[in-house]
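Novice: First the structure, which I've put down as structure tokens, then a few questions once you've had a look.
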Amino acid sequence: MPDYYLLSQKEVLEKVRSSANGLSSADARARLGVYGLNVLREVPPPSPLVILLRQFKSPIVWVLLVAMAVGLMVGETVDVAVIGVIVILNAVLGFTQEWRAERSIEALRKLVSQKAVVVRDGRLEEIAAKDVVPGDILVLEAGMKVAADAYLLDASDVRAQESALTGESVPVAKKVSVLGKECSVSERSNMVFAGTDVVAGRARAVVVGTGMQTEFGKIAHLLSGERDGETPLQGQLRRLSIQIGVVVGVVAVLIFAAGILKGGDFTVWLLTALALAVAAIPEGLPAVVTVGLSIGVQRMAKKNALIRHLPSAETLGACTVICADKTGTMTKNEMTVRKLFVNGQVVDVAGAGYEPAGAFSHSPKSFEMLLKIGVLNNTAQVAKEGGSWKVVGDPTEAALIVAARKAGLDSARIQEEYPKVAEVSFSSERKRMTTVHKVGKGTRGWRGMVCVKGAPEMVIGLCTRMEMNGRIVRLTKDEKEKLLEENARFARRALRVLAFAYKDIESPKDKAGWERDLVFVGLQAMIDPPRPEVKEAIAKCRSAGIRVVMITGDSALTAEAIGKEVGIEGRVVMGDELQSMDLVREVESIGIYARVDPKDKLRIVEALRKNGHVVAMTGDGVNDAPALKRADLGVAMGLAGTDVAREASAMVLADDNFASIVRAIEEGRQIFDNIQKYVAYLFSGNVAEVLVIVSSVLLGLPLPLIAIQILWINLVTDGLPALALSNEPLEGDVMQRKPRNPGASILSGLGPYVVVYPIIVIAGVLWLFDGYLGEGVEKARTVAFTGLVFFELFQAISCKSVRRPVFMTGMFRNKWLWVAVALSAALQVLIVQSSFLAGVFGVVSLSLGEWLLIAGVAFAGFAYLEVHKLLRR
């Protein structure tokens, strides 16, 4: 598509084959057939079948399916049935959670049918925005959403809010002109863009791009080139599945070889080896991981973080960098007056956004006139709708109304008492707006007041007097210079400054005299401020070893000021500098990126990922969507966010609150902590079972466990405590740790559990088994079986924390773990002491002394784990 902004009106109209009188209805219909509807191509939401099939992508599930096939070969139908139930349960849990998330995303969509006013057949006509075609003449007024990319033919004081597209927080002035050089989207002042809002003025513009040919459409093209990658957890479970497969294969070969070397039957030992391999697989792992993720996702949802895909829930726990869009994410995207200069002093104004809450550092009684002018010289409306504040008009003017309301002024009543009788609108040439108001309702002749606001250098130049503490004094040249110095100080802090003045008049007819001999009142300085909770959230990220990087389409001065206020560290870089920069090398020292476009955001995210970072990208605008998709975890805003951004994300913040990211990171770390706890528990337990049997074969002992005993341990003794561990509460130091290495094994740091503890179990169980062999194999097996159960129950208690001794974690915070341990122990007692069940499980009853001996031996393993954790700290 041509760069229309570089062309003249005549050239643009020729290229789109249109005129200032617009299209005929017939021509518009024909073009609709050629160009198609004015809509972005949407990726349809995944069907229920696709969501269900996603649950079978995990390699651990593939291992289980292979185990089922082997089980069928060796006739282990009970094992096959149990594993089948677990695989189905895992799929159902994952499907249910992801289906709910997709439905929640759907509920966030704004069901608004957009309209457009165009010139058709020489007259104005309102049509559906989707029916707009290239060559149509759009008629735009304040409050309208632009339906397509269009080139301005005429414009009167037009300003457009383009933050969703460019990240620019302040409305951009638009004018009829020919731009002489190439420039970024945010600098194309002779164009208006689809999806942006007209906040002031009137215009006519010829449509040059619709649907996928708009600037939004180009971003949609970028999205279509992205692909979803593997989350850290998925990678770790995939590697663990491979490790399990290798270990199981080696064990099976060793058992088979040992049996053959002892002169055993080839077929019998082959089937024995295969059966033991099936038993060695922790078949409960996928279901327990899914349950743990589901519990974490539900906790996140209560904290306003909606996860769309289960594995993404723990990705935040591995996050090392958060790339945050400034406008609407770190800030409220609501202009707010922060400073006044009035009566010769600076006044601080508290509060953020359109909520009329916040105190002044000085009594507002002394500067009511300044606030009153801000209300009168104003066309915006601010009203509360459904619990949030909505603005119609210019956000800058809305900020002035809110400032007055903070001082207790009733803006509606002021506008009613001083009705507006005339107005000279703001323009980029005049840089000011003037309104005339009637004063009083009496009949003794007409009295009025002129109110002026605008750029300080323009307004101050029109003033000859100033109001100081209620008195009118002469405004000298020196005083004017001091006022301009104060303006410059505000501007250096990235504040947008407006000056305010007035004069009393006796007739509205002398229009030429409205702006002469004005009385200067003061300055109001505003900015789109950071959300109040962002600074603390960033500090918390820093203590957790997570960098926060700001990426914005706004100016460097504004971005740096906001970054400094919230505590972002690193240098500031402009978007146009990135093209000549080795970004992979430089990215570690940059904290703020200003004036960037969507392609720049993609490069930044990619450079961070090449350096080994796990990147979370937050944003709300269409301009954020490609980077949201490329990042390891894209986080979109649920309220102010666009549909495009939400569809590209893995997580949606229902409250648009940056601090919710930090709470989600805590939950993500807790999810991984709990996954690691029950992986340690399940994996080491299965390793211990297999090694007990392997050791007994190698030592020439009878088998210490039979198949049904192994199955009981895997399903009941292991299953209940593992599920309970998935509900373990947050550990207090989770946000004081550095992010984990996403490339490391999920077993990293678990040596005491998966290496040393199984050795202790082997020694303890075989010692008990060998010690009771003299009383018969059944008695020895009962003691070994019960000993293995007790070892695993003690280990479950120790797994409350794999880093800290149990007594330091709050022993009884997770009541479900104690219930699961007590229930598993009670069931073991029932099996052993019940004559009926004893026959089924091949065990005999034990005396109290034998129970105590077994418990004492098993406690030794627990004592080792706790002492090791204490010494390591």
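Residues are named by chain letter and number: chains run A, B, ... in the order of the structure tokens, numbers start at 1 in each chain, and ligands are numbered from 1 in the order shown.
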Which polymer residues have any atom within 6 Å of an atom of Thr210 (chain A), counting only C-alpha atoms, with same-chain residues fewer than 4 positions away left out, as a VMD selection string?

Specialist: chain A and resid 38 148 214

Novice: Based on the selection just made, write C-alpha atoms of those residues as a PDB file, in the first residue's frame.

Specialist:
ATOM      1  CA  ASN A  38     -13.721  -3.768   6.801  1.00  0.00           C
ATOM      2  CA  ALA A 148     -10.717   2.937   8.735  1.00  0.00           C
ATOM      3  CA  THR A 214      -5.027  -0.693   7.990  1.00  0.00           C
TER       4      THR A 214
END

Novice: DSSP on the backbone: which residues in region 275-475 of chain A end up as alpha helix (DSSP H)? Give the answer as a ChimeraX atom specification.

Specialist: /A:275-280,285-302,368-376,395-406,411-417,456-461

Novice: Any idea what's packed within 9 Å of Arg159 (chain A), counting only C-alpha atoms, ignoring anything in its chain fewer than 2 positions away? Could you give it as a tab-separated table (two decimals) with C-alpha atoms, in the first residue's frame?

Specialist:
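This is the output file out-v5.tsv:
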chain	number	residue	atom	x	y	z
A	142	ALA	CA	-15.63	14.50	18.65
A	157	ASP	CA	-9.13	21.62	15.53
A	161	GLN	CA	-6.55	9.55	20.96
A	171	PRO	CA	-4.29	13.11	22.13
A	172	VAL	CA	-2.53	13.97	18.88
A	173	ALA	CA	-3.35	17.11	16.89
A	174	LYS	CA	-4.40	16.42	13.29
A	175	LYS	CA	-4.30	18.86	10.39
A	197	ASP	CA	-10.95	7.97	18.81
A	198	VAL	CA	-11.64	11.58	17.79
A	199	VAL	CA	-11.69	13.57	21.05
A	200	ALA	CA	-12.06	17.07	19.60
A	201	GLY	CA	-12.89	18.90	16.39
A	202	ARG	CA	-14.48	17.94	13.08
A	394	ASP	CA	-10.24	15.35	25.64

Novice: What does the distance between CA of Thr77 (chain A) and CA of Val291 (chain A) come to in Å, to one decimal place?

Specialist: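 Between these atoms lies a distance of 25.7 Å.
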
Novice: Smallest atom-to-atom distance to Leu730 (chain A): which of A:Lys480, A:Lys326, A:His437, A:Arg669, using only C-alpha atoms?

Specialist: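 That would be A:Arg669, the residue with the smallest distance to Leu730 (chain A).
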
Novice: Residues near region 543-547 of chain A, anyone? I mean within 7 Å using only C-alpha atoms, not counting same-chain ones fewer than 4 positions away, as a list in words.

Specialist: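 In the requested format, the answer is Cys319, Thr320, Val321, Ile322, Ala539, Met735, Gln736, Arg737, Lys738 and Pro739 of chain A.
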
Novice: Could you check which of A:Leu40, A:Val251, A:Leu583, A:Val755 is closest to Leu608 (chain A), using only C-alpha atoms?

Specialist: A:Leu583

Novice: Counting only C-alpha atoms, which of A:Lys130, A:Arg447, A:Lys303, A:Lys10 gets nearest to Tyr35 (chain A)?

Specialist: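 Selected residue with least distance to Tyr35 (chain A): A:Lys130.
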
Novice: Return the single residue from A:Ala724, A:Ala625, A:Val207, A:Ala194 that is closest to Tyr151 (chain A), with distances computed using only C-alpha atoms.

Specialist: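 Of A:Ala724, A:Ala625, A:Val207, A:Ala194, the one nearest Tyr151 (chain A) is A:Val207, counting only C-alpha atoms.
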
Novice: Using only C-alpha atoms, find the one residue out of A:Ile472, A:Asp510, A:Gly292, A:Ser366 that sits nearest to Ala422 (chain A).

Specialist: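 Looking at the shortest contact to Ala422 (chain A), the residue is A:Asp510.
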
Novice: Give me, as a ChimeraX atom specification, all polymer residues having an atom no more than 10 Å from Asp504 (chain A), counting only C-alpha atoms and skipping those fewer than 5 positions away in the same chain.

Specialist: /A:436-439,447-451,514,518-519

Novice: Can you work out which one of A:Val208, A:Ala494, A:Leu179, A:Val146 has the shortest atom-to-atom distance to Thr196 (chain A), counting only C-alpha atoms?

Specialist: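 Distance minimum relative to Thr196 (chain A) lands on A:Val146.
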
Novice: Looking only at strand (DSSP E) from DSSP on the backbone, list the matching residues of region 397-562 of chain A as JSON, numbers by chain.

Specialist: {"A": [420, 421, 422, 423, 424, 432, 433, 434, 435, 436, 437, 438, 448, 449, 450, 451, 452, 453, 454, 463, 464, 465, 466, 467, 468, 471, 472, 473, 474, 496, 497, 498, 499, 500, 501, 502, 503, 504, 505, 518, 519, 520, 521, 522, 523, 524, 525, 526, 527, 547, 548, 549, 550, 551]}

Novice: Can you tell me which residues surround Gly570 (chain A) at a distance of at most 8 Å, considering only C-alpha atoms, apart from same-chain residues fewer than 5 positions away, and format the answer as number ranges by chain?

Specialist: A: 589-592

Novice: Please produce a file of the residues just selected, as a PDB file, in the first residue's frame, where the atoms kept are N, CA, C and O atoms.

Specialist:
ATOM      1  N   SER A 589      21.390  -3.588  29.461  1.00  0.00           N
ATOM      2  CA  SER A 589      21.615  -2.300  30.135  1.00  0.00           C
ATOM      3  C   SER A 589      20.488  -1.298  29.904  1.00  0.00           C
ATOM      4  O   SER A 589      20.523  -0.193  30.439  1.00  0.00           O
ATOM      5  N   ILE A 590      19.486  -1.665  29.119  1.00  0.00           N
ATOM      6  CA  ILE A 590      18.409  -0.733  28.766  1.00  0.00           C
ATOM      7  C   ILE A 590      17.203  -0.992  29.658  1.00  0.00           C
ATOM      8  O   ILE A 590      16.766  -2.128  29.818  1.00  0.00           O
ATOM      9  N   GLY A 591      16.678   0.072  30.237  1.00  0.00           N
ATOM     10  CA  GLY A 591      15.515  -0.042  31.108  1.00  0.00           C
ATOM     11  C   GLY A 591      14.240   0.520  30.501  1.00  0.00           C
ATOM     12  O   GLY A 591      13.146   0.119  30.871  1.00  0.00           O
ATOM     13  N   ILE A 592      14.393   1.474  29.559  1.00  0.00           N
ATOM     14  CA  ILE A 592      13.231   2.144  28.966  1.00  0.00           C
ATOM     15  C   ILE A 592      13.429   2.272  27.457  1.00  0.00           C
ATOM     16  O   ILE A 592      14.470   2.746  26.995  1.00  0.00           O
TER      17      ILE A 592
END
